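The structure appears below as structure tokens.
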Amino acid sequence: MSRYLGTATALTALMAVASVGIASESPLAQQLNALENFQVIAHRGASGHAPKARCRLRAGSRVGGVDYLELDAQLTADGEVVIFHDNTLERTSNGEGHIHEHTLAELKALDTGSWFNEANPEQASEDFVGLPMLTLEELFDHFGHTTRYYIETKSPHLNPGLEAALVERLEAYDMVEEGRVLVQSFAQDSLLKIEALQP
């Protein structure tokens, strides 16, 4: 978690610059003000309690005091934004290859939960067997504006078009103006694309 706490601290200074011209009572301004304080970020939505595919739904809602749900966004072959940490499917599913090589329907057919039971027998549950991959929209439909989201554009070089698809969904769910999202990336080009699409 320290990596993300450091990132959030660094973001505070950057966001202060971005806040110029934002009405002080607006939700976005409230989010920027909140970044002045210690923030608790559930890395992968509390992935120690449930499979990454469902941890935000199964465990994220049980973990109290969380300010942000951190997640990794990737793009399917047919342009859908899904939540998945690894670049490839093998470690945490019964699939093979990269996310961008498969359609959403193909990814939805995979079991992305059983691996968790094998790796974490003390947290195992029959409910995790056969869990499908989550889309960003499913996550938003479940949590809505009850929490904030810390979204990483995962390996954007493997997910061309991810930034535009992400911004489209953030705007559709009114996450930007409501101060519900921070976007991070380990690729500066990806952040610059996000900024150009939605300052």
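Ordering of the structure tokens sets the chain letters (A, B, ...), residue numbers begin anew at 1 in every chain, and ligands are numbered from 1 in the order given.
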Next on the checklist: What's around Asn87 of chain A at 9 Å? Count only C-alpha atoms, leave out sequence neighbours fewer than 3 positions away in its own chain, and write the answer as a count of residues only.
Outcome noted: 8
Item to check | Distance query segment 128-142 of chain A at most 7 Å, only C-alpha atoms, self and fewer than 6 positions along chain excluded, as a list of chain:residue names | outcome: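 Answer for this query is A:Ala53, A:Val81, A:Val82, A:Ile83, A:Leu107, A:Lys108, A:Ala109, A:Leu110, A:Asp111, A:Thr112, A:Gly113, A:Ser114.
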Keeping only C-alpha atoms, write those residues as a PDB file, in the first residue's frame.
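This is the output file result_39.pdb:
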```pdb
ATOM      1  CA  ALA A  53     -12.172 -10.526 -10.411  1.00  0.00           C
ATOM      2  CA  VAL A  81     -13.023  -2.007 -20.468  1.00  0.00           C
ATOM      3  CA  VAL A  82     -12.390  -4.891 -18.062  1.00  0.00           C
ATOM      4  CA  ILE A  83     -10.754  -5.088 -14.658  1.00  0.00           C
ATOM      5  CA  LEU A 107     -13.233 -13.480 -21.384  1.00  0.00           C
ATOM      6  CA  LYS A 108     -16.586 -13.815 -19.625  1.00  0.00           C
ATOM      7  CA  ALA A 109     -16.505 -17.557 -20.302  1.00  0.00           C
ATOM      8  CA  LEU A 110     -13.303 -17.955 -18.265  1.00  0.00           C
ATOM      9  CA  ASP A 111     -13.056 -19.001 -14.618  1.00  0.00           C
ATOM     10  CA  THR A 112     -11.206 -16.206 -12.839  1.00  0.00           C
ATOM     11  CA  GLY A 113     -11.983 -17.325  -9.290  1.00  0.00           C
ATOM     12  CA  SER A 114     -10.886 -20.913  -8.699  1.00  0.00           C
TER      13      SER A 114
END
```
Checklist entry - Hey, what does DSSP flag as strand (DSSP E) within segment 89-164 of chain A? Can you give it to me as a ChimeraX atom specification? => result /A:134-135,148-153
Item to check | Point-to-point distance in Å for atom CA of Glu195 of chain A and atom CA of Gly65 of chain A | outcome: 29.4 Å
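All residues of protein, DNA or RNA that reach within 9 Å of Gln184 of chain A, judged by only C-alpha atoms and not counting those fewer than 5 positions away in the chain, are Thr7, Tyr150, Ile151, Glu152, Thr153, Ser190 and Leu191 of chain A.
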Tell me which protein, DNA and RNA residues are within 10 Å of segment 169-178 of chain A, counting only C-alpha atoms, leaving out same-chain ones fewer than 5 positions away, and put them as a JSON list (two decimals) with all heavy atoms, in the first residue's frame.
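What landed in selection-v1.json:
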```json
[["chain", "number", "residue", "atom", "x", "y", "z"],
["A", 26, "SER", "N", -17.90, 22.35, -5.11],
["A", 26, "SER", "CA", -18.18, 21.27, -6.05],
["A", 26, "SER", "C", -17.62, 19.94, -5.55],
["A", 26, "SER", "O", -16.66, 19.90, -4.77],
["A", 26, "SER", "CB", -17.55, 21.59, -7.42],
["A", 26, "SER", "OG", -16.14, 21.42, -7.36],
["A", 27, "PRO", "N", -18.23, 18.81, -5.98],
["A", 27, "PRO", "CA", -17.72, 17.49, -5.58],
["A", 27, "PRO", "C", -16.26, 17.29, -5.97],
["A", 27, "PRO", "O", -15.49, 16.68, -5.22],
["A", 27, "PRO", "CB", -18.62, 16.53, -6.33],
["A", 27, "PRO", "CG", -19.90, 17.28, -6.54],
["A", 27, "PRO", "CD", -19.45, 18.71, -6.77],
["A", 28, "LEU", "N", -15.86, 17.81, -7.13],
["A", 28, "LEU", "CA", -14.47, 17.66, -7.55],
["A", 28, "LEU", "C", -13.54, 18.40, -6.60],
["A", 28, "LEU", "O", -12.49, 17.90, -6.20],
["A", 28, "LEU", "CB", -14.29, 18.15, -8.98],
["A", 28, "LEU", "CG", -12.88, 18.01, -9.58],
["A", 28, "LEU", "CD1", -12.40, 16.57, -9.49],
["A", 28, "LEU", "CD2", -12.88, 18.49, -11.02],
["A", 29, "ALA", "N", -13.94, 19.60, -6.17],
["A", 29, "ALA", "CA", -13.14, 20.36, -5.21],
["A", 29, "ALA", "C", -13.07, 19.62, -3.88],
["A", 29, "ALA", "O", -12.03, 19.61, -3.21],
["A", 29, "ALA", "CB", -13.73, 21.75, -5.02],
["A", 30, "GLN", "N", -14.16, 18.99, -3.49],
["A", 30, "GLN", "CA", -14.17, 18.22, -2.24],
["A", 30, "GLN", "C", -13.19, 17.06, -2.32],
["A", 30, "GLN", "O", -12.50, 16.75, -1.34],
["A", 30, "GLN", "CB", -15.58, 17.72, -1.94],
["A", 30, "GLN", "CG", -16.55, 18.82, -1.58],
["A", 30, "GLN", "CD", -17.98, 18.33, -1.48],
["A", 30, "GLN", "OE1", -18.24, 17.14, -1.44],
["A", 30, "GLN", "NE2", -18.93, 19.27, -1.44],
["A", 31, "GLN", "N", -13.12, 16.42, -3.49],
["A", 31, "GLN", "CA", -12.17, 15.34, -3.67],
["A", 31, "GLN", "C", -10.74, 15.86, -3.55],
["A", 31, "GLN", "O", -9.89, 15.26, -2.88],
["A", 31, "GLN", "CB", -12.36, 14.65, -5.02],
["A", 31, "GLN", "CG", -11.35, 13.51, -5.24],
["A", 31, "GLN", "CD", -11.33, 13.00, -6.66],
["A", 31, "GLN", "OE1", -11.65, 13.74, -7.59],
["A", 31, "GLN", "NE2", -10.95, 11.76, -6.83],
["A", 80, "GLU", "N", -14.21, -3.29, -24.94],
["A", 80, "GLU", "CA", -14.81, -3.20, -23.61],
["A", 80, "GLU", "C", -13.72, -3.03, -22.56],
["A", 80, "GLU", "O", -12.64, -3.62, -22.67],
["A", 80, "GLU", "CB", -15.63, -4.45, -23.30],
["A", 80, "GLU", "CG", -16.82, -4.66, -24.22],
["A", 80, "GLU", "CD", -17.86, -3.56, -24.12],
["A", 80, "GLU", "OE1", -18.03, -3.00, -23.00],
["A", 80, "GLU", "OE2", -18.51, -3.25, -25.12],
["A", 81, "VAL", "N", -13.99, -2.22, -21.54],
["A", 81, "VAL", "CA", -13.02, -2.01, -20.47],
["A", 81, "VAL", "C", -13.29, -3.04, -19.37],
["A", 81, "VAL", "O", -14.38, -3.10, -18.82],
["A", 81, "VAL", "CB", -13.13, -0.59, -19.88],
["A", 81, "VAL", "CG1", -12.10, -0.40, -18.76],
["A", 81, "VAL", "CG2", -12.91, 0.46, -20.97],
["A", 136, "LEU", "N", -15.64, -2.67, -16.14],
["A", 136, "LEU", "CA", -15.66, -1.44, -15.36],
["A", 136, "LEU", "C", -17.10, -0.99, -15.13],
["A", 136, "LEU", "O", -17.44, -0.51, -14.04],
["A", 136, "LEU", "CB", -14.88, -0.34, -16.08],
["A", 136, "LEU", "CG", -14.74, 0.99, -15.35],
["A", 136, "LEU", "CD1", -13.93, 0.82, -14.06],
["A", 136, "LEU", "CD2", -14.09, 2.03, -16.25],
["A", 137, "GLU", "N", -17.94, -1.17, -16.12],
["A", 137, "GLU", "CA", -19.34, -0.76, -15.97],
["A", 137, "GLU", "C", -20.05, -1.57, -14.90],
["A", 137, "GLU", "O", -20.88, -1.03, -14.16],
["A", 137, "GLU", "CB", -20.05, -0.89, -17.32],
["A", 137, "GLU", "CG", -19.58, 0.14, -18.33],
["A", 137, "GLU", "CD", -20.22, -0.02, -19.69],
["A", 137, "GLU", "OE1", -20.65, -1.16, -20.02],
["A", 137, "GLU", "OE2", -20.29, 0.96, -20.44],
["A", 140, "PHE", "N", -19.06, -0.04, -11.63],
["A", 140, "PHE", "CA", -19.77, 1.22, -11.42],
["A", 140, "PHE", "C", -21.25, 0.97, -11.11],
["A", 140, "PHE", "O", -21.84, 1.67, -10.28],
["A", 140, "PHE", "CB", -19.65, 2.11, -12.65],
["A", 140, "PHE", "CG", -18.28, 2.74, -12.83],
["A", 140, "PHE", "CD1", -17.94, 3.32, -14.04],
["A", 140, "PHE", "CD2", -17.35, 2.77, -11.80],
["A", 140, "PHE", "CE1", -16.70, 3.91, -14.23],
["A", 140, "PHE", "CE2", -16.10, 3.35, -11.97],
["A", 140, "PHE", "CZ", -15.77, 3.93, -13.19],
["A", 141, "ASP", "N", -21.85, 0.00, -11.77],
["A", 141, "ASP", "CA", -23.25, -0.32, -11.51],
["A", 141, "ASP", "C", -23.44, -0.79, -10.07],
["A", 141, "ASP", "O", -24.47, -0.52, -9.45],
["A", 141, "ASP", "CB", -23.75, -1.41, -12.47],
["A", 141, "ASP", "CG", -23.99, -0.87, -13.88],
["A", 141, "ASP", "OD1", -24.15, 0.36, -14.03],
["A", 141, "ASP", "OD2", -24.01, -1.69, -14.82],
["A", 144, "GLY", "N", -21.49, 2.48, -7.79],
["A", 144, "GLY", "CA", -21.95, 3.81, -8.15],
["A", 144, "GLY", "C", -21.10, 4.91, -7.54],
["A", 144, "GLY", "O", -19.88, 4.87, -7.58],
["A", 145, "HIS", "N", -21.76, 5.88, -6.90],
["A", 145, "HIS", "CA", -21.08, 7.01, -6.30],
["A", 145, "HIS", "C", -20.88, 6.83, -4.79],
["A", 145, "HIS", "O", -20.69, 7.81, -4.07],
["A", 145, "HIS", "CB", -21.84, 8.30, -6.57],
["A", 145, "HIS", "CG", -21.75, 8.74, -7.99],
["A", 145, "HIS", "ND1", -22.39, 9.86, -8.47],
["A", 145, "HIS", "CD2", -21.09, 8.22, -9.07],
["A", 145, "HIS", "CE1", -22.14, 10.01, -9.76],
["A", 145, "HIS", "NE2", -21.36, 9.03, -10.13],
["A", 148, "ARG", "N", -14.89, 6.00, -4.20],
["A", 148, "ARG", "CA", -14.07, 6.62, -5.23],
["A", 148, "ARG", "C", -13.17, 5.54, -5.83],
["A", 148, "ARG", "O", -12.91, 4.52, -5.21],
["A", 148, "ARG", "CB", -13.23, 7.76, -4.66],
["A", 148, "ARG", "CG", -14.08, 8.98, -4.30],
["A", 148, "ARG", "CD", -13.24, 10.09, -3.71],
["A", 148, "ARG", "NE", -14.03, 11.30, -3.54],
["A", 148, "ARG", "CZ", -13.92, 12.11, -2.51],
["A", 148, "ARG", "NH1", -13.06, 11.84, -1.53],
["A", 148, "ARG", "NH2", -14.65, 13.20, -2.42],
["A", 149, "TYR", "N", -12.68, 5.82, -7.03],
["A", 149, "TYR", "CA", -11.96, 4.82, -7.80],
["A", 149, "TYR", "C", -10.57, 5.33, -8.19],
["A", 149, "TYR", "O", -10.43, 6.45, -8.66],
["A", 149, "TYR", "CB", -12.75, 4.46, -9.06],
["A", 149, "TYR", "CG", -14.17, 4.04, -8.76],
["A", 149, "TYR", "CD1", -15.19, 5.00, -8.70],
["A", 149, "TYR", "CD2", -14.49, 2.72, -8.49],
["A", 149, "TYR", "CE1", -16.50, 4.64, -8.41],
["A", 149, "TYR", "CE2", -15.80, 2.34, -8.20],
["A", 149, "TYR", "CZ", -16.79, 3.31, -8.15],
["A", 149, "TYR", "OH", -18.08, 2.95, -7.86],
["A", 164, "ALA", "N", -9.38, 6.39, -24.43],
["A", 164, "ALA", "CA", -10.65, 6.92, -24.95],
["A", 164, "ALA", "C", -11.83, 6.14, -24.39],
["A", 164, "ALA", "O", -12.86, 6.72, -24.01],
["A", 164, "ALA", "CB", -10.65, 6.89, -26.47],
["A", 198, "GLN", "N", -9.86, 14.48, -21.37],
["A", 198, "GLN", "CA", -10.68, 14.97, -20.25],
["A", 198, "GLN", "C", -9.76, 15.67, -19.24],
["A", 198, "GLN", "O", -9.29, 15.06, -18.30],
["A", 198, "GLN", "CB", -11.43, 13.80, -19.62],
["A", 198, "GLN", "CG", -12.21, 14.08, -18.36],
["A", 198, "GLN", "CD", -13.09, 15.29, -18.40],
["A", 198, "GLN", "OE1", -12.64, 16.39, -18.10],
["A", 198, "GLN", "NE2", -14.35, 15.11, -18.77],
["A", 199, "PRO", "N", -9.50, 16.96, -19.45],
["A", 199, "PRO", "CA", -8.57, 17.69, -18.57],
["A", 199, "PRO", "C", -8.96, 17.64, -17.09],
["A", 199, "PRO", "O", -8.10, 17.70, -16.24],
["A", 199, "PRO", "CB", -8.63, 19.12, -19.12],
["A", 199, "PRO", "CG", -9.06, 18.97, -20.53],
["A", 199, "PRO", "CD", -10.02, 17.81, -20.54]]
```
Item to check | DSSP-assigned alpha helix (DSSP H) among segment 85-157 of chain A, expressed as a PyMOL selection string | outcome: chain A and resi 104-108+114-119+136-143
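Proximity to Asp189 of chain A was assessed for A:His157, A:Glu70, A:His100, A:Ala165 counting only C-alpha atoms; the smallest distance is recorded for A:His157.
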Next on the checklist: One number please: atom CA of Leu89 of chain A to atom CA of Pro160 of chain A, in Å, one decimal.
Outcome noted: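 Between atom CA of Leu89 of chain A and atom CA of Pro160 of chain A the gap is 18.0 Å.
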Checklist entry - Restricting the calculation to only C-alpha atoms, which member of A:Thr76, A:Ala196, A:Ile41, A:Pro121 is positioned closest to Thr103 of chain A? => result A:Thr76
Checklist entry - In Å, how far is it from atom CA of Glu101 of chain A to atom CA of Ala119 of chain A? => result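 Separation between atom CA of Glu101 of chain A and atom CA of Ala119 of chain A: 26.3 Å.
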